Each structure stands twice: as structure tokens, then as C-alpha cells.
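**Q** Okay, so here is model07.cif, and as you'll see once you scroll down, it has mmCIF, N, CA and C atoms.
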data_coords
#
loop_
_atom_site.group_PDB
_atom_site.id
_atom_site.type_symbol
_atom_site.label_atom_id
_atom_site.label_comp_id
_atom_site.auth_asym_id
_atom_site.auth_seq_id
_atom_site.Cartn_x
_atom_site.Cartn_y
_atom_site.Cartn_z
ATOM 1 N N MET A 1 48.561 -23.687 27.576
ATOM 2 C CA MET A 1 48.683 -24.137 28.946
ATOM 3 C C MET A 1 48.305 -25.615 29.038
ATOM 4 N N GLU A 2 48.939 -26.430 28.242
ATOM 5 C CA GLU A 2 48.689 -27.871 28.197
ATOM 6 C C GLU A 2 49.359 -28.535 29.393
ATOM 7 N N GLN A 3 48.657 -29.485 30.026
ATOM 8 C CA GLN A 3 49.198 -30.183 31.178
ATOM 9 C C GLN A 3 50.125 -31.296 30.719
ATOM 10 N N ALA A 4 51.066 -31.622 31.591
ATOM 11 C CA ALA A 4 51.954 -32.737 31.311
ATOM 12 C C ALA A 4 51.135 -34.017 31.266
ATOM 13 N N PRO A 5 51.489 -34.970 30.401
ATOM 14 C CA PRO A 5 50.712 -36.214 30.291
ATOM 15 C C PRO A 5 50.579 -36.956 31.625
ATOM 16 N N GLU A 6 51.623 -36.920 32.469
ATOM 17 C CA GLU A 6 51.559 -37.617 33.750
ATOM 18 C C GLU A 6 50.507 -36.990 34.649
ATOM 19 N N HIS A 7 50.462 -35.644 34.660
ATOM 20 C CA HIS A 7 49.495 -34.943 35.501
ATOM 21 C C HIS A 7 48.076 -35.194 35.011
ATOM 22 N N ARG A 8 47.888 -35.186 33.716
ATOM 23 C CA ARG A 8 46.567 -35.425 33.120
ATOM 24 C C ARG A 8 46.104 -36.850 33.420
ATOM 25 N N ALA A 9 47.009 -37.815 33.280
ATOM 26 C CA ALA A 9 46.665 -39.211 33.578
ATOM 27 C C ALA A 9 46.320 -39.377 35.047
ATOM 28 N N SER A 10 47.023 -38.672 35.908
ATOM 29 C CA SER A 10 46.744 -38.727 37.339
ATOM 30 C C SER A 10 45.353 -38.185 37.640
ATOM 31 N N LYS A 11 44.973 -37.096 36.980
ATOM 32 C CA LYS A 11 43.638 -36.531 37.179
ATOM 33 C C LYS A 11 42.560 -37.491 36.690
ATOM 34 N N ILE A 12 42.786 -38.110 35.543
ATOM 35 C CA ILE A 12 41.813 -39.059 35.000
ATOM 36 C C ILE A 12 41.653 -40.240 35.942
ATOM 37 N N LEU A 13 42.760 -40.758 36.449
ATOM 38 C CA LEU A 13 42.708 -41.877 37.382
ATOM 39 C C LEU A 13 41.977 -41.487 38.661
ATOM 40 N N THR A 14 42.205 -40.285 39.150
ATOM 41 C CA THR A 14 41.533 -39.809 40.360
ATOM 42 C C THR A 14 40.028 -39.725 40.145
ATOM 43 N N VAL A 15 39.616 -39.149 39.034
ATOM 44 C CA VAL A 15 38.183 -39.027 38.740
ATOM 45 C C VAL A 15 37.553 -40.406 38.590
ATOM 46 N N ALA A 16 38.222 -41.298 37.899
ATOM 47 C CA ALA A 16 37.686 -42.649 37.711
ATOM 48 C C ALA A 16 37.561 -43.373 39.046
ATOM 49 N N THR A 17 38.552 -43.241 39.909
ATOM 50 C CA THR A 17 38.520 -43.888 41.221
ATOM 51 C C THR A 17 37.377 -43.360 42.074
ATOM 52 N N VAL A 18 37.209 -42.059 42.109
ATOM 53 C CA VAL A 18 36.117 -41.463 42.888
ATOM 54 C C VAL A 18 34.765 -41.883 42.326
ATOM 55 N N THR A 19 34.647 -41.924 41.015
ATOM 56 C CA THR A 19 33.391 -42.329 40.381
ATOM 57 C C THR A 19 33.030 -43.760 40.754
ATOM 58 N N ILE A 20 33.987 -44.642 40.699
ATOM 59 C CA ILE A 20 33.735 -46.049 41.039
ATOM 60 C C ILE A 20 33.444 -46.186 42.535
ATOM 61 N N ALA A 21 34.185 -45.469 43.372
ATOM 62 C CA ALA A 21 33.959 -45.531 44.818
ATOM 63 C C ALA A 21 32.570 -45.012 45.179
ATOM 64 N N ASN A 22 32.126 -43.948 44.538
ATOM 65 C CA ASN A 22 30.795 -43.412 44.812
ATOM 66 C C ASN A 22 29.700 -44.317 44.278
ATOM 67 N N GLY A 23 30.016 -45.150 43.319
ATOM 68 C CA GLY A 23 29.021 -46.042 42.745
ATOM 69 C C GLY A 23 28.843 -47.338 43.513
ATOM 70 N N THR A 24 29.631 -47.561 44.556
ATOM 71 C CA THR A 24 29.527 -48.819 45.285
ATOM 72 C C THR A 24 28.213 -48.965 46.033
ATOM 73 N N ASP A 25 27.523 -47.869 46.294
ATOM 74 C CA ASP A 25 26.225 -47.972 46.955
ATOM 75 C C ASP A 25 25.179 -48.604 46.042
ATOM 76 N N ASP A 26 25.498 -48.717 44.766
ATOM 77 C CA ASP A 26 24.579 -49.344 43.825
ATOM 78 C C ASP A 26 24.546 -50.863 43.976
ATOM 79 N N ILE A 27 25.363 -51.385 44.856
ATOM 80 C CA ILE A 27 25.381 -52.829 45.088
ATOM 81 C C ILE A 27 23.986 -53.313 45.479
ATOM 82 N N ALA A 28 23.268 -52.502 46.265
ATOM 83 C CA ALA A 28 21.916 -52.883 46.683
ATOM 84 C C ALA A 28 20.984 -53.019 45.485
ATOM 85 N N VAL A 29 21.238 -52.269 44.445
ATOM 86 C CA VAL A 29 20.400 -52.338 43.248
ATOM 87 C C VAL A 29 20.834 -53.491 42.347
ATOM 88 N N PHE A 30 22.141 -53.635 42.177
ATOM 89 C CA PHE A 30 22.641 -54.618 41.226
ATOM 90 C C PHE A 30 22.632 -56.050 41.744
ATOM 91 N N THR A 31 22.686 -56.249 43.057
ATOM 92 C CA THR A 31 22.746 -57.609 43.603
ATOM 93 C C THR A 31 21.544 -58.446 43.178
ATOM 94 N N PRO A 32 20.311 -57.951 43.370
ATOM 95 C CA PRO A 32 19.175 -58.763 42.910
ATOM 96 C C PRO A 32 19.176 -58.969 41.393
ATOM 97 N N LEU A 33 19.551 -57.936 40.649
ATOM 98 C CA LEU A 33 19.594 -58.046 39.194
ATOM 99 C C LEU A 33 20.573 -59.133 38.766
ATOM 100 N N LEU A 34 21.752 -59.100 39.343
ATOM 101 C CA LEU A 34 22.776 -60.076 38.974
ATOM 102 C C LEU A 34 22.443 -61.469 39.481
ATOM 103 N N ALA A 35 21.763 -61.568 40.635
ATOM 104 C CA ALA A 35 21.403 -62.874 41.179
ATOM 105 C C ALA A 35 20.391 -63.582 40.288
ATOM 106 N N ARG A 36 19.499 -62.819 39.674
ATOM 107 C CA ARG A 36 18.467 -63.408 38.823
ATOM 108 C C ARG A 36 18.840 -63.422 37.344
ATOM 109 N N GLY A 37 19.854 -62.656 36.981
ATOM 110 C CA GLY A 37 20.154 -62.468 35.574
ATOM 111 C C GLY A 37 20.937 -63.573 34.908
ATOM 112 N N GLY A 38 21.514 -64.446 35.660
ATOM 113 C CA GLY A 38 22.279 -65.525 35.054
ATOM 114 C C GLY A 38 23.667 -65.070 34.617
ATOM 115 N N LYS A 39 24.257 -65.849 33.737
ATOM 116 C CA LYS A 39 25.640 -65.608 33.327
ATOM 117 C C LYS A 39 25.789 -64.435 32.370
ATOM 118 N N VAL A 40 24.729 -64.033 31.734
ATOM 119 C CA VAL A 40 24.801 -62.948 30.756
ATOM 120 C C VAL A 40 24.720 -61.588 31.434
ATOM 121 N N ALA A 41 24.006 -61.493 32.543
ATOM 122 C CA ALA A 41 23.741 -60.205 33.174
ATOM 123 C C ALA A 41 25.019 -59.518 33.671
ATOM 124 N N PHE A 42 25.895 -60.248 34.323
ATOM 125 C CA PHE A 42 27.075 -59.614 34.920
ATOM 126 C C PHE A 42 27.970 -58.925 33.890
ATOM 127 N N PRO A 43 28.412 -59.621 32.844
ATOM 128 C CA PRO A 43 29.256 -58.924 31.869
ATOM 129 C C PRO A 43 28.529 -57.762 31.194
ATOM 130 N N LEU A 44 27.253 -57.936 30.936
ATOM 131 C CA LEU A 44 26.481 -56.871 30.303
ATOM 132 C C LEU A 44 26.389 -55.641 31.201
ATOM 133 N N VAL A 45 26.090 -55.846 32.465
ATOM 134 C CA VAL A 45 26.011 -54.726 33.414
ATOM 135 C C VAL A 45 27.378 -54.047 33.539
ATOM 136 N N MET A 46 28.439 -54.823 33.610
ATOM 137 C CA MET A 46 29.783 -54.245 33.746
ATOM 138 C C MET A 46 30.154 -53.433 32.502
ATOM 139 N N ILE A 47 29.844 -53.945 31.340
ATOM 140 C CA ILE A 47 30.148 -53.221 30.102
ATOM 141 C C ILE A 47 29.387 -51.910 30.055
ATOM 142 N N VAL A 48 28.084 -51.970 30.346
ATOM 143 C CA VAL A 48 27.276 -50.748 30.338
ATOM 144 C C VAL A 48 27.785 -49.761 31.383
ATOM 145 N N PHE A 49 28.124 -50.251 32.576
ATOM 146 C CA PHE A 49 28.633 -49.380 33.641
ATOM 147 C C PHE A 49 29.911 -48.664 33.198
ATOM 148 N N PHE A 50 30.866 -49.396 32.674
ATOM 149 C CA PHE A 50 32.137 -48.776 32.295
ATOM 150 C C PHE A 50 31.996 -47.852 31.092
ATOM 151 N N VAL A 51 31.165 -48.231 30.137
ATOM 152 C CA VAL A 51 30.951 -47.362 28.975
ATOM 153 C C VAL A 51 30.274 -46.058 29.400
ATOM 154 N N MET A 52 29.243 -46.159 30.221
ATOM 155 C CA MET A 52 28.531 -44.948 30.656
ATOM 156 C C MET A 52 29.407 -44.090 31.562
ATOM 157 N N THR A 53 30.218 -44.709 32.423
ATOM 158 C CA THR A 53 31.144 -43.942 33.266
ATOM 159 C C THR A 53 32.134 -43.190 32.398
ATOM 160 N N ALA A 54 32.683 -43.848 31.394
ATOM 161 C CA ALA A 54 33.624 -43.182 30.481
ATOM 162 C C ALA A 54 32.940 -42.052 29.726
ATOM 163 N N LEU A 55 31.710 -42.281 29.296
ATOM 164 C CA LEU A 55 30.966 -41.248 28.576
ATOM 165 C C LEU A 55 30.713 -40.030 29.451
ATOM 166 N N TRP A 56 30.238 -40.247 30.684
ATOM 167 C CA TRP A 56 29.981 -39.121 31.589
ATOM 168 C C TRP A 56 31.273 -38.379 31.931
ATOM 169 N N CYS A 57 32.366 -39.110 32.122
ATOM 170 C CA CYS A 57 33.651 -38.453 32.405
ATOM 171 C C CYS A 57 34.114 -37.626 31.207
ATOM 172 N N ALA A 58 33.930 -38.150 30.007
ATOM 173 C CA ALA A 58 34.316 -37.413 28.798
ATOM 174 C C ALA A 58 33.471 -36.148 28.642
ATOM 175 N N ILE A 59 32.173 -36.270 28.878
ATOM 176 C CA ILE A 59 31.305 -35.099 28.788
ATOM 177 C C ILE A 59 31.688 -34.060 29.836
ATOM 178 N N ALA A 60 31.924 -34.505 31.061
ATOM 179 C CA ALA A 60 32.308 -33.578 32.129
ATOM 180 C C ALA A 60 33.632 -32.894 31.822
ATOM 181 N N THR A 61 34.592 -33.641 31.307
ATOM 182 C CA THR A 61 35.887 -33.065 30.953
ATOM 183 C C THR A 61 35.743 -32.038 29.846
ATOM 184 N N ALA A 62 34.973 -32.374 28.822
ATOM 185 C CA ALA A 62 34.774 -31.439 27.709
ATOM 186 C C ALA A 62 34.066 -30.175 28.177
ATOM 187 N N LEU A 63 33.063 -30.347 29.022
ATOM 188 C CA LEU A 63 32.314 -29.198 29.514
ATOM 189 C C LEU A 63 33.171 -28.323 30.423
ATOM 190 N N ALA A 64 33.893 -28.944 31.346
ATOM 191 C CA ALA A 64 34.723 -28.179 32.277
ATOM 192 C C ALA A 64 35.940 -27.563 31.601
ATOM 193 N N SER A 65 36.346 -28.104 30.457
ATOM 194 C CA SER A 65 37.492 -27.561 29.730
ATOM 195 C C SER A 65 37.120 -26.375 28.848
ATOM 196 N N HIS A 66 35.838 -26.196 28.606
ATOM 197 C CA HIS A 66 35.385 -25.057 27.811
ATOM 198 C C HIS A 66 35.712 -23.779 28.576
ATOM 199 N N ARG A 67 36.314 -22.819 27.898
ATOM 200 C CA ARG A 67 36.826 -21.613 28.561
ATOM 201 C C ARG A 67 35.758 -20.879 29.360
ATOM 202 N N LEU A 68 34.595 -20.650 28.769
ATOM 203 C CA LEU A 68 33.540 -19.904 29.463
ATOM 204 C C LEU A 68 33.003 -20.666 30.671
ATOM 205 N N VAL A 69 32.792 -21.966 30.495
ATOM 206 C CA VAL A 69 32.291 -22.785 31.592
ATOM 207 C C VAL A 69 33.326 -22.865 32.708
ATOM 208 N N ALA A 70 34.596 -23.071 32.341
ATOM 209 C CA ALA A 70 35.655 -23.160 33.346
ATOM 210 C C ALA A 70 35.768 -21.864 34.143
ATOM 211 N N ASN A 71 35.707 -20.729 33.468
ATOM 212 C CA ASN A 71 35.765 -19.443 34.178
ATOM 213 C C ASN A 71 34.579 -19.271 35.107
ATOM 214 N N PHE A 72 33.396 -19.639 34.641
ATOM 215 C CA PHE A 72 32.196 -19.534 35.462
ATOM 216 C C PHE A 72 32.305 -20.427 36.697
ATOM 217 N N LEU A 73 32.743 -21.685 36.493
ATOM 218 C CA LEU A 73 32.873 -22.611 37.619
ATOM 219 C C LEU A 73 33.949 -22.164 38.599
ATOM 220 N N ASP A 74 35.050 -21.613 38.093
ATOM 221 C CA ASP A 74 36.089 -21.104 38.982
ATOM 222 C C ASP A 74 35.557 -19.989 39.869
ATOM 223 N N ARG A 75 34.732 -19.150 39.269
ATOM 224 C CA ARG A 75 34.234 -17.996 40.018
ATOM 225 C C ARG A 75 33.055 -18.338 40.926
ATOM 226 N N TRP A 76 32.118 -19.140 40.446
ATOM 227 C CA TRP A 76 30.870 -19.352 41.157
ATOM 228 C C TRP A 76 30.625 -20.783 41.635
ATOM 229 N N GLY A 77 31.458 -21.718 41.237
ATOM 230 C CA GLY A 77 31.218 -23.123 41.552
ATOM 231 C C GLY A 77 31.070 -23.414 43.029
ATOM 232 N N HIS A 78 31.888 -22.788 43.864
ATOM 233 C CA HIS A 78 31.832 -23.051 45.304
ATOM 234 C C HIS A 78 30.534 -22.554 45.930
ATOM 235 N N ARG A 79 29.847 -21.642 45.287
ATOM 236 C CA ARG A 79 28.557 -21.155 45.800
ATOM 237 C C ARG A 79 27.374 -21.915 45.203
ATOM 238 N N ILE A 80 27.507 -22.326 43.976
ATOM 239 C CA ILE A 80 26.402 -22.997 43.285
ATOM 240 C C ILE A 80 26.282 -24.460 43.705
ATOM 241 N N MET A 81 27.415 -25.126 43.879
ATOM 242 C CA MET A 81 27.402 -26.565 44.137
ATOM 243 C C MET A 81 26.593 -26.955 45.373
ATOM 244 N N PRO A 82 26.739 -26.306 46.525
ATOM 245 C CA PRO A 82 25.912 -26.693 47.675
ATOM 246 C C PRO A 82 24.413 -26.547 47.399
ATOM 247 N N VAL A 83 24.038 -25.494 46.696
ATOM 248 C CA VAL A 83 22.630 -25.276 46.369
ATOM 249 C C VAL A 83 22.113 -26.396 45.471
ATOM 250 N N VAL A 84 22.906 -26.768 44.471
ATOM 251 C CA VAL A 84 22.508 -27.843 43.556
ATOM 252 C C VAL A 84 22.366 -29.163 44.315
ATOM 253 N N LEU A 85 23.331 -29.490 45.168
ATOM 254 C CA LEU A 85 23.272 -30.752 45.905
ATOM 255 C C LEU A 85 22.101 -30.782 46.882
ATOM 256 N N ILE A 86 21.833 -29.673 47.558
ATOM 257 C CA ILE A 86 20.686 -29.615 48.470
ATOM 258 C C ILE A 86 19.384 -29.756 47.687
ATOM 259 N N ALA A 87 19.294 -29.093 46.542
ATOM 260 C CA ALA A 87 18.088 -29.203 45.714
ATOM 261 C C ALA A 87 17.869 -30.638 45.246
ATOM 262 N N ILE A 88 18.928 -31.321 44.847
ATOM 263 C CA ILE A 88 18.808 -32.721 44.434
ATOM 264 C C ILE A 88 18.350 -33.580 45.613
ATOM 265 N N GLY A 89 18.910 -33.338 46.787
ATOM 266 C CA GLY A 89 18.506 -34.086 47.990
ATOM 267 C C GLY A 89 17.048 -33.883 48.331
ATOM 268 N N ILE A 90 16.573 -32.636 48.261
ATOM 269 C CA ILE A 90 15.162 -32.349 48.523
ATOM 270 C C ILE A 90 14.280 -33.027 47.490
ATOM 271 N N TYR A 91 14.699 -32.977 46.252
ATOM 272 C CA TYR A 91 13.964 -33.625 45.154
ATOM 273 C C TYR A 91 13.812 -35.116 45.432
ATOM 274 N N ILE A 92 14.889 -35.750 45.840
ATOM 275 C CA ILE A 92 14.861 -37.189 46.113
ATOM 276 C C ILE A 92 13.985 -37.487 47.338
ATOM 277 N N LEU A 93 14.153 -36.704 48.406
ATOM 278 C CA LEU A 93 13.389 -36.938 49.629
ATOM 279 C C LEU A 93 11.891 -36.722 49.432
ATOM 280 N N CYS A 94 11.525 -35.790 48.591
ATOM 281 C CA CYS A 94 10.105 -35.522 48.351
ATOM 282 C C CYS A 94 9.480 -36.560 47.445
ATOM 283 N N GLY A 95 10.285 -37.352 46.794
ATOM 284 C CA GLY A 95 9.777 -38.394 45.920
ATOM 285 C C GLY A 95 9.162 -37.834 44.644
ATOM 286 N N VAL A 96 9.621 -36.680 44.216
ATOM 287 C CA VAL A 96 9.104 -36.080 42.994
ATOM 288 C C VAL A 96 9.762 -36.785 41.819
ATOM 289 N N TYR A 97 8.971 -37.305 40.930
ATOM 290 C CA TYR A 97 9.510 -38.014 39.779
ATOM 291 C C TYR A 97 9.108 -37.283 38.562
#
Show how you would write the structure in this file as C-alpha cells.
**A**
Amino acid sequence: MEQAPEHRASKILTVATVTIANGTDDIAVFTPLLARGGKVAFPLVMIVFFVMTALWCAIATALASHRLVANFLDRWGHRIMPVVLIAIGIYILCGVY
């Protein structure tokens, strides 16, 4: 059940776009870093950002493509995801490190 290359590329582009769009709130963090970092900081931050984004996307794709994980997520993902996101929000709000 291999996907057509066009469909697969479309999915990759969609995930990459959403990842970058969700990361725009990091501007508040990166602005001071880049303002003080000089000419070396910007390319370095961009390289690290794109490499880590590609790595996380590759890991997520590999994990979600695993038959057992994919079946589990298909069946239970819609119930587990809200709980996970709420737990992360509570964790952040409580300041637990």
C-alpha cells in the first residue's frame, strides 16, 4: 500500500509548513539571541533549526509508519491526544521542571 510520490511529497510539505508555522512563536526567544549573537548566530541557529526539524519529522514518520503504532494511533489517538496536550499545558503552567 505504497503512496504515490506526489501524495507523499504533499504530506511532507504539509507537515513541514505546519511545523514552521507553529515555530514562529519562538521569535520572542530567538530575537534577543540573534541581536546579540552577531553574524555567526543567525546561520547557526537556522542550520540547527532545520536539521532538528528534519530529524523530528523523520522520527515521527518512522514511528507513525510502524504497523503497531499506526494501528494504535488510528484506534486511540483521538482520545489520547487531548489528554496528552492538557497534561503538557498543566505541566507548563505549574512550572514543574
**Q** Which value, in Å to one decimal, gives the distance between atom CA of A:Ile12 and atom CA of A:Ser65?
**A**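 According to the coordinates, atom CA of A:Ile12 and atom CA of A:Ser65 are separated by 13.4 Å.
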**Q** Please report the interatomic distance between atom N of A:Ile88 and atom C of A:Phe72 in Å with one decimal.
**A** 19.1 Å
**Q** Take atom CA of A:Asn71 and atom C of A:Met52 and report the distance between them in Å, one decimal.
**A**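 The value is 25.6 Å.
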**Q** With distances taken over only N, CA and C atoms, which residue among A:Ala41, A:Ile90, A:Ala16, A:Ala35 lies nearest A:Thr53?
**A**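 Distance minimum relative to A:Thr53 lands on A:Ala16.
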**Q** Assuming 6 Å of padding per side, give the centre and edge lengths of the axis-aligned box around every listed atom of stretch 88-95 of chain A, in Å to one decimal and as AutoDock Vina command-line options.
**A**
--center_x 14.0 --center_y -34.9 --center_z 47.0 --size_x 21.8 --size_y 19.1 --size_z 17.2
